[in-house]
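Chemist: One structure follows; several queries about it will come next.
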Amino acid sequence: MNPLQKITGKRWFGLLETSRKTRIVAGGAAALALCAFGATAVAPIAPDAADIPVKSIAQDLQLPNLADQIAALQQDQQQFIKEERIRPGDSLGSVFTRLGIDDQQAAAFVRSDKLARSILSLKTGKRIQAETDENGLLLTLRATIPVSKDEFNTVTVTRKGEKFVVAKAPAELERRVEMRSREISTSLYAATDASVDGGQIPDSVVNQIIEMFSTSIDFRGDLKRGDRFNVVYETFWQDGEMVRTGRVLAGEFVNRGVAYQSVWYEDPQTRQGGYYSLDGKSLKKAFLKSPVAFTRISSGFSMRVHPVFNVWKAHKGIDMAAPLGTPIRAAGDGTVDFAGVSNGYGNMVVLKHWSNYSTAYGHMSRFASGMRKGQKVHQGDIIGYVGATGWATGPHLHYEFRIGGKAIDPMSQKNLQAQPLTSGELSRFRMAATEMSHRFSLLNPAGNAMAAR
């Protein structure tokens with residue numbers, strides 16, 4: 001080993017090692033390139049389709065027996081379904097004829113059975129559906145019969161062998177939510193009768209609109225040309241036919257440039273509801289102006305000479321003269337706190353309302369059914385009837401309004417708002433209000449900015 005190698009041996013070997021690695025890598029790359037080139041060079045070429053030989057194959061196939069199929073179809077009972085509408089002057093015979101029913105036994109059953117005979121009460125335009133066999137024998141007959149204004153039953157007559165049975169069940173109605181917008185040119189009802197957006201607005205909906213906004217708008221004198229309103233309401237359908245309207249879910253009335261809004265909210269637990277402004281304030285008054293239809297106030301909330309004892313004494317309520325037996329209604333939502341005889345009050349009911357409010361009703365002739373302590377009542381429920389029991393000289397209602405047990409003048413509380421929503425209810429209400437506010441924006445003309453109240 002020469003001195004140069006001794007001094008630089010490590011570096012020299014390092015260079016040699018590095019050079020070897022470089023050559024190996026380079027050689028590997030060249031080999032990969034060669035393999036790749038070779039792979040490309042030997043790829044096969046697809047044959048021309050014209051050169052592929054064609055072989056014809058002939059085979060006898062057994063066709064199905066058409067005579068057997070026709071015989072099988074003839075053995076199966078054919079069923080036919082047809083629907084008709086009742087026409088003016090229709091009889092059971094004429095309806096059966098149009099439905100393709102040739103079945104005297106079925107006609108006799110419908111005429112003789114009380115429930116089945118209710119089908120004959122269908123009004124003009126109502127639907128009736130029948131299912132028959134190929135000979136016209138009735139298999140089923142179905143129609144929707146109104147039970148009351150808001151209730152409907154589906155009555156079905158069904159063949160069971162050689163006999164018929166009839167059954168009824170609540171009609172399955174489809175609920176729809178409809179939106180309408182109108183501008184007033186002459187009157188409110190004239191605007192609702194117009195079919196400008198595909199349909200008239202039912203009178204029941206108009207009546208609800210008036211009730212909703214009557215505390216803010218005088219519909220007899222405040223309306224003017226150019227006022228407009230939007231309404232969102234329920235309709236219920238059966239077999240593609242509207243059978244009734246439901247509740248107004250939201251309304252907006254623009255009167256003289258000011259918009260009044262109302263949204264229906266129902267508590268999911270108590271199932272009690274009411275109308276609220278978009279900010280969650282109840283539009284219902286907490287108490288009725290009067291719990292009874294009276295002819296006059298015979299004695300007010302003041303000092304007076306007692307009509308029985310002839311002494312100067314404070315009168316802690318108001319007396320409403322009314323005929324004997326006139327219904328007395330709960331002034332507000334609440335719970336019965338007392339129902340019985342109470343000295344000079346005679347037959348008396350005391351209702352406890354929200355917060356520390358309560359109302360008392362005296363001199364009743366009798367109580368309404370179910371009046372007992374703890375019974376829940378709603379505003380407007382009948383709780384008793386006008387009488388002259390206790391210290392009374394004639395039939396009237398003695399009505400007291402109390403706060404914290406202290407009687408005050410009922411007439412001073414006529415504008416008291418109903419119980420406000422709780423924080424949880426307010427949160428749920430805002431979700432409903434947001435949806436209805438969006439519907440209002442869809443109905444309002446573009447760029448029509450209004451002041452809201």
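Ordering of the structure tokens sets the chain letters (A, B, ...), residue numbers begin anew at 1 in every chain, and ligands are numbered from 1 in the order given.
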Residues at most 12 Å from A:Tyr189, counting only C-alpha atoms, excluding those fewer than 2 positions away in the same chain, as a list in words?

Modeler: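 Residues meeting the cut-off are Arg182, Glu183, Ile184, Ser185, Thr186, Ser187, Ala191, Thr192, Asp193, Ala194, Gln200, Ile201, Pro202, Asp203, Ser204, Val205, Val206, Asn207, Ile209, Ile210, Phe219, Arg220 and Leu223 of chain A.
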
Chemist: Please run DSSP on the backbone and report, as a PyMOL selection string, all residues within stretch 398-439 of chain A that come out as alpha helix (DSSP H).

Modeler: chain A and resi 423-439

Chemist: Go ahead and write the selection's residues with N, CA and C atoms as a compact mmCIF listing (two decimals), in the first residue's frame.

Modeler:
```
# COMPACT_ATOMS: atom_id res chain seq x y z
N SER A 423 -90.24 29.04 27.72
CA SER A 423 -89.03 29.13 26.89
C SER A 423 -88.95 27.96 25.92
N GLY A 424 -89.31 26.75 26.40
CA GLY A 424 -89.29 25.59 25.51
C GLY A 424 -90.33 25.69 24.41
N GLU A 425 -91.55 26.12 24.78
CA GLU A 425 -92.60 26.30 23.78
C GLU A 425 -92.23 27.38 22.78
N LEU A 426 -91.61 28.45 23.26
CA LEU A 426 -91.23 29.55 22.39
C LEU A 426 -90.21 29.09 21.35
N SER A 427 -89.29 28.20 21.76
CA SER A 427 -88.30 27.69 20.82
C SER A 427 -88.97 26.88 19.72
N ARG A 428 -89.95 26.03 20.10
CA ARG A 428 -90.66 25.23 19.09
C ARG A 428 -91.54 26.11 18.22
N PHE A 429 -92.13 27.14 18.83
CA PHE A 429 -92.98 28.04 18.07
C PHE A 429 -92.19 28.76 16.99
N ARG A 430 -90.99 29.18 17.30
CA ARG A 430 -90.19 29.95 16.34
C ARG A 430 -89.90 29.14 15.08
N MET A 431 -89.78 27.82 15.22
CA MET A 431 -89.57 26.97 14.05
C MET A 431 -90.80 27.02 13.14
N ALA A 432 -92.00 26.92 13.74
CA ALA A 432 -93.23 27.01 12.95
C ALA A 432 -93.41 28.40 12.36
N ALA A 433 -93.08 29.43 13.13
CA ALA A 433 -93.23 30.81 12.65
C ALA A 433 -92.29 31.09 11.48
N THR A 434 -91.09 30.53 11.52
CA THR A 434 -90.13 30.74 10.42
C THR A 434 -90.66 30.15 9.13
N GLU A 435 -91.25 28.96 9.22
CA GLU A 435 -91.81 28.32 8.02
C GLU A 435 -92.94 29.16 7.45
N MET A 436 -93.85 29.64 8.30
CA MET A 436 -94.97 30.42 7.81
C MET A 436 -94.54 31.76 7.28
N SER A 437 -93.52 32.35 7.89
CA SER A 437 -92.99 33.62 7.38
C SER A 437 -92.43 33.44 5.98
N HIS A 438 -91.80 32.28 5.75
CA HIS A 438 -91.27 31.99 4.40
C HIS A 438 -92.42 31.85 3.40
N ARG A 439 -93.53 31.22 3.83
CA ARG A 439 -94.68 31.08 2.94
C ARG A 439 -95.26 32.46 2.60
```

Chemist: Using only C-alpha atoms, pick whichever of A:Thr359, A:Ser277, A:Asn153, A:Gln379 has the shortest atom-to-atom distance to A:Lys316.

Modeler: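 Going through A:Thr359, A:Ser277, A:Asn153, A:Gln379 one by one, the smallest distance to A:Lys316 is for A:Thr359.
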
Chemist: Leaving out A:Leu137 and any residue of its chain fewer than 4 positions from it, which residues lie within 7 Å of it when counting only C-alpha atoms, given as a list in words?

Modeler: Ile101, Asp102, Asp103, Thr132 and Asp133 of chain A

Chemist: Tell me, as a PyMOL selection string, which residues lie within 12 Å of stretch 89-99 of chain A, counting only C-alpha atoms; anything in the same chain fewer than 4 positions away does not count.

Modeler: chain A and resi 80-85+103-104+106-111+116-133+136-142

Chemist: Using DSSP assignments from the backbone, pull out every residue in stretch 80-247 of chain A that falls under strand (DSSP E) and give it to me as JSON, numbers by chain.

Modeler: {"A": [80, 81, 82, 83, 84, 85, 127, 128, 129, 130, 131, 132, 133, 138, 139, 140, 141, 142, 143, 144, 145, 146, 152, 153, 154, 155, 156, 157, 158, 159, 160, 163, 164, 165, 166, 167, 168, 169, 170, 174, 175, 176, 177, 178, 179, 180, 181, 182, 183, 228, 229, 230, 231, 232, 233, 234, 235, 236, 237, 238, 241, 242, 243, 244, 245, 246, 247]}

Chemist: Using only C-alpha atoms, can you tell me which of A:Thr156, A:Asn343, A:Thr215, A:Thr326 comes closest to A:Gly384?

Modeler: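 Closest residue, counting only C-alpha atoms: A:Thr326.
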
Chemist: Could you state the separation of atom CA of A:Gly226 and atom CA of A:Glu252 in Å, given to one decimal place?

Modeler: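 About the pair atom CA of A:Gly226 and atom CA of A:Glu252: they are 14.3 Å apart.
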
Chemist: Go through A:Ala143, A:Gln79, A:Ala67, A:Thr335 one by one, measure the shortest atom-to-atom distance of each to A:Ala167 using only C-alpha atoms, and give the residue with the smallest value.

Modeler: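 The shortest atom-to-atom distance to A:Ala167 comes from A:Ala143.
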
Chemist: Compile the contact shell of stretch 254-258 of chain A as a PyMOL selection string: residues with an atom at most 12 Å away, counting only C-alpha atoms, same-chain residues fewer than 5 positions apart removed.

Modeler: chain A and resi 181-184+188+213-214+216-219+221-231+440+444+448-453

Chemist: Between atom CA of A:Lys289 and atom CA of A:Pro410, what is the distance in Å, rounded to a tenth?

Modeler: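 Atom-to-atom, atom CA of A:Lys289 to atom CA of A:Pro410, that is 8.5 Å.
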
Chemist: When you draw a straight line from atom CA of A:Ser441 to atom CA of A:Pro268, how long is it in Å?

Modeler: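 Rounded to one decimal, the two atoms are 26.7 Å apart.
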